[in-house]
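Asker: Can you keep this structure in mind? I'll have questions shortly.
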Amino acid sequence: QVQLVESGGGLVQAGGSLRLSCTASGSIFSKNAMGWYRRAPGKQREVVATITTSGSTGYADSVKGRFTISKDNAKNTVYLQMSSLKPEDTAVYYCNTLPYYNNYWGQGTQVTVSS
């Protein structure tokens, strides 16, 4: 059973940066496209960044130019570098495959951006 563990969240002021990490218990990143998802209070979960097995990336318009997704297959880890953070980026951030598998959802990591 694959387990995904997110880390790196925290409280940051607007304009600041954070780097999120997602580590898998198995070697899934080399076999699956991956995504970073977030769920803000009162809103539906959305995918904000994606990376294919070959390393091609994609971003939601709301984060394009500010967030960067990357991965290290050898470390079974995918990253999300977030900069120029805005209060509207406040959410719980999760990683999962793309498309996601319900059994893979972890606890997520809370990101709070203060104005």
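The way I read the labels, and the way they are meant: chains A, B, ... in the order of the structure tokens, residue 1 as the first residue of every chain, and ligand 1 as the first ligand shown, with later ones counted on from there.
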Please return as a PyMOL selection string: the residues of chain A that backbone DSSP assigns to strand (DSSP E or B).
Answerer: chain A and resi 4-7+10-13+18-24+34-39+46-51+57-59+67-72+77-82+91-97+109-114
Asker: For A:Val12, list every protein, DNA or RNA residue within 9 Å, evaluated using only C-alpha atoms, and leave out those in the same chain fewer than 3 positions away; present the list as a list in words.
Answerer: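 That gives Gly15, Gly16, Ser17, Leu18, Leu85, Val111, Thr112, Val113 and Ser114 of chain A.
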Asker: Could those selected residues go to a file with all heavy atoms, as a PDB file, in the first residue's frame?
Answerer:
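Contents of part-v5.pdb, as written:
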```pdb
ATOM      1  N   GLY A  15       3.953  37.326   0.265  1.00  0.00           N
ATOM      2  CA  GLY A  15       5.211  37.608  -0.402  1.00  0.00           C
ATOM      3  C   GLY A  15       6.310  36.631  -0.068  1.00  0.00           C
ATOM      4  O   GLY A  15       7.361  36.631  -0.718  1.00  0.00           O
ATOM      5  N   GLY A  16       6.086  35.806   0.927  1.00  0.00           N
ATOM      6  CA  GLY A  16       7.082  34.853   1.358  1.00  0.00           C
ATOM      7  C   GLY A  16       7.093  33.588   0.523  1.00  0.00           C
ATOM      8  O   GLY A  16       6.366  33.453  -0.464  1.00  0.00           O
ATOM      9  N   SER A  17       7.936  32.647   0.951  1.00  0.00           N
ATOM     10  CA  SER A  17       8.130  31.400   0.213  1.00  0.00           C
ATOM     11  C   SER A  17       8.087  30.207   1.149  1.00  0.00           C
ATOM     12  O   SER A  17       8.392  30.316   2.340  1.00  0.00           O
ATOM     13  CB  SER A  17       9.487  31.419  -0.502  1.00  0.00           C
ATOM     14  OG  SER A  17       9.588  32.472  -1.420  1.00  0.00           O
ATOM     15  N   LEU A  18       7.693  29.084   0.579  1.00  0.00           N
ATOM     16  CA  LEU A  18       7.734  27.808   1.270  1.00  0.00           C
ATOM     17  C   LEU A  18       8.070  26.729   0.258  1.00  0.00           C
ATOM     18  O   LEU A  18       7.756  26.861  -0.934  1.00  0.00           O
ATOM     19  CB  LEU A  18       6.384  27.468   1.917  1.00  0.00           C
ATOM     20  CG  LEU A  18       5.999  28.182   3.204  1.00  0.00           C
ATOM     21  CD1 LEU A  18       4.556  27.828   3.581  1.00  0.00           C
ATOM     22  CD2 LEU A  18       6.945  27.821   4.339  1.00  0.00           C
ATOM     23  N   LEU A  85       3.902  34.237  -2.170  1.00  0.00           N
ATOM     24  CA  LEU A  85       2.654  33.686  -1.646  1.00  0.00           C
ATOM     25  C   LEU A  85       1.635  34.766  -1.338  1.00  0.00           C
ATOM     26  O   LEU A  85       1.989  35.884  -0.926  1.00  0.00           O
ATOM     27  CB  LEU A  85       2.932  32.839  -0.405  1.00  0.00           C
ATOM     28  CG  LEU A  85       3.528  31.463  -0.713  1.00  0.00           C
ATOM     29  CD1 LEU A  85       4.187  30.871   0.525  1.00  0.00           C
ATOM     30  CD2 LEU A  85       2.443  30.531  -1.225  1.00  0.00           C
ATOM     31  N   VAL A 111      -0.786  25.249   4.793  1.00  0.00           N
ATOM     32  CA  VAL A 111      -0.089  26.478   4.432  1.00  0.00           C
ATOM     33  C   VAL A 111      -1.008  27.641   4.762  1.00  0.00           C
ATOM     34  O   VAL A 111      -2.164  27.683   4.301  1.00  0.00           O
ATOM     35  CB  VAL A 111       0.269  26.500   2.928  1.00  0.00           C
ATOM     36  CG1 VAL A 111       0.808  27.871   2.528  1.00  0.00           C
ATOM     37  CG2 VAL A 111       1.277  25.415   2.615  1.00  0.00           C
ATOM     38  N   THR A 112      -0.524  28.553   5.564  1.00  0.00           N
ATOM     39  CA  THR A 112      -1.290  29.727   5.943  1.00  0.00           C
ATOM     40  C   THR A 112      -0.486  30.968   5.589  1.00  0.00           C
ATOM     41  O   THR A 112       0.657  31.112   6.030  1.00  0.00           O
ATOM     42  CB  THR A 112      -1.617  29.732   7.440  1.00  0.00           C
ATOM     43  OG1 THR A 112      -2.323  28.526   7.775  1.00  0.00           O
ATOM     44  CG2 THR A 112      -2.473  30.930   7.801  1.00  0.00           C
ATOM     45  N   VAL A 113      -1.082  31.832   4.785  1.00  0.00           N
ATOM     46  CA  VAL A 113      -0.409  33.051   4.349  1.00  0.00           C
ATOM     47  C   VAL A 113      -1.140  34.233   4.958  1.00  0.00           C
ATOM     48  O   VAL A 113      -2.327  34.452   4.704  1.00  0.00           O
ATOM     49  CB  VAL A 113      -0.391  33.162   2.816  1.00  0.00           C
ATOM     50  CG1 VAL A 113       0.419  34.391   2.389  1.00  0.00           C
ATOM     51  CG2 VAL A 113       0.190  31.903   2.189  1.00  0.00           C
ATOM     52  N   SER A 114      -0.428  34.983   5.762  1.00  0.00           N
ATOM     53  CA  SER A 114      -1.029  36.149   6.421  1.00  0.00           C
ATOM     54  C   SER A 114      -0.796  37.400   5.577  1.00  0.00           C
ATOM     55  O   SER A 114       0.226  37.543   4.907  1.00  0.00           O
ATOM     56  CB  SER A 114      -0.434  36.331   7.809  1.00  0.00           C
ATOM     57  OG  SER A 114       0.947  36.596   7.721  1.00  0.00           O
TER      58      SER A 114
END
```
Asker: Would you please work out which residue, of A:Trp36, A:Tyr94, A:Phe29, A:Trp105, is nearest to A:Tyr59 when using only C-alpha atoms?
Answerer: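 Selected residue with least distance to A:Tyr59: A:Trp36.
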Asker: Write out as number ranges by chain all residues of chain A that backbone DSSP assigns to helix (DSSP H, G or I).
Answerer: A: 73-75, 87-89, 102-104
Asker: Within 7 Å of A:Val47, counting only C-alpha atoms, which residues qualify if same-chain residues fewer than 6 places away don't, as a ChimeraX atom specification?
Answerer: /A:35-38
Asker: Kindly export the residues of the current selection with all heavy atoms, as a PDB file, in the first residue's frame.
Answerer:
```pdb
ATOM      1  N   GLY A  35       0.571  15.122  -8.957  1.00  0.00           N
ATOM      2  CA  GLY A  35       0.019  16.458  -8.828  1.00  0.00           C
ATOM      3  C   GLY A  35       0.055  16.943  -7.396  1.00  0.00           C
ATOM      4  O   GLY A  35       0.021  16.135  -6.462  1.00  0.00           O
ATOM      5  N   TRP A  36       0.177  18.236  -7.238  1.00  0.00           N
ATOM      6  CA  TRP A  36      -0.059  18.886  -5.956  1.00  0.00           C
ATOM      7  C   TRP A  36      -1.472  19.457  -6.010  1.00  0.00           C
ATOM      8  O   TRP A  36      -1.824  20.156  -6.964  1.00  0.00           O
ATOM      9  CB  TRP A  36       0.954  19.992  -5.689  1.00  0.00           C
ATOM     10  CG  TRP A  36       2.246  19.494  -5.133  1.00  0.00           C
ATOM     11  CD1 TRP A  36       3.407  19.272  -5.808  1.00  0.00           C
ATOM     12  CD2 TRP A  36       2.516  19.172  -3.763  1.00  0.00           C
ATOM     13  NE1 TRP A  36       4.367  18.823  -4.957  1.00  0.00           N
ATOM     14  CE2 TRP A  36       3.859  18.751  -3.689  1.00  0.00           C
ATOM     15  CE3 TRP A  36       1.764  19.194  -2.593  1.00  0.00           C
ATOM     16  CZ2 TRP A  36       4.455  18.360  -2.495  1.00  0.00           C
ATOM     17  CZ3 TRP A  36       2.361  18.803  -1.404  1.00  0.00           C
ATOM     18  CH2 TRP A  36       3.692  18.395  -1.358  1.00  0.00           C
ATOM     19  N   TYR A  37      -2.219  19.149  -4.992  1.00  0.00           N
ATOM     20  CA  TYR A  37      -3.595  19.598  -4.867  1.00  0.00           C
ATOM     21  C   TYR A  37      -3.713  20.462  -3.616  1.00  0.00           C
ATOM     22  O   TYR A  37      -2.904  20.355  -2.701  1.00  0.00           O
ATOM     23  CB  TYR A  37      -4.538  18.402  -4.709  1.00  0.00           C
ATOM     24  CG  TYR A  37      -4.500  17.384  -5.823  1.00  0.00           C
ATOM     25  CD1 TYR A  37      -3.454  16.481  -5.942  1.00  0.00           C
ATOM     26  CD2 TYR A  37      -5.548  17.303  -6.751  1.00  0.00           C
ATOM     27  CE1 TYR A  37      -3.426  15.527  -6.953  1.00  0.00           C
ATOM     28  CE2 TYR A  37      -5.541  16.351  -7.760  1.00  0.00           C
ATOM     29  CZ  TYR A  37      -4.471  15.466  -7.847  1.00  0.00           C
ATOM     30  OH  TYR A  37      -4.465  14.527  -8.847  1.00  0.00           O
ATOM     31  N   ARG A  38      -4.745  21.272  -3.570  1.00  0.00           N
ATOM     32  CA  ARG A  38      -4.998  22.024  -2.347  1.00  0.00           C
ATOM     33  C   ARG A  38      -6.499  22.163  -2.131  1.00  0.00           C
ATOM     34  O   ARG A  38      -7.285  22.143  -3.076  1.00  0.00           O
ATOM     35  CB  ARG A  38      -4.342  23.410  -2.386  1.00  0.00           C
ATOM     36  CG  ARG A  38      -4.945  24.389  -3.379  1.00  0.00           C
ATOM     37  CD  ARG A  38      -4.148  25.681  -3.385  1.00  0.00           C
ATOM     38  NE  ARG A  38      -4.710  26.661  -4.307  1.00  0.00           N
ATOM     39  CZ  ARG A  38      -4.119  27.813  -4.615  1.00  0.00           C
ATOM     40  NH1 ARG A  38      -2.930  28.121  -4.079  1.00  0.00           N
ATOM     41  NH2 ARG A  38      -4.690  28.645  -5.448  1.00  0.00           N
TER      42      ARG A  38
END
```
Asker: Please measure the separation of atom CA of A:Lys64 and atom CA of A:Ser84, giving the value in Å to one decimal.
Answerer: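 According to the coordinates, atom CA of A:Lys64 and atom CA of A:Ser84 are separated by 10.9 Å.
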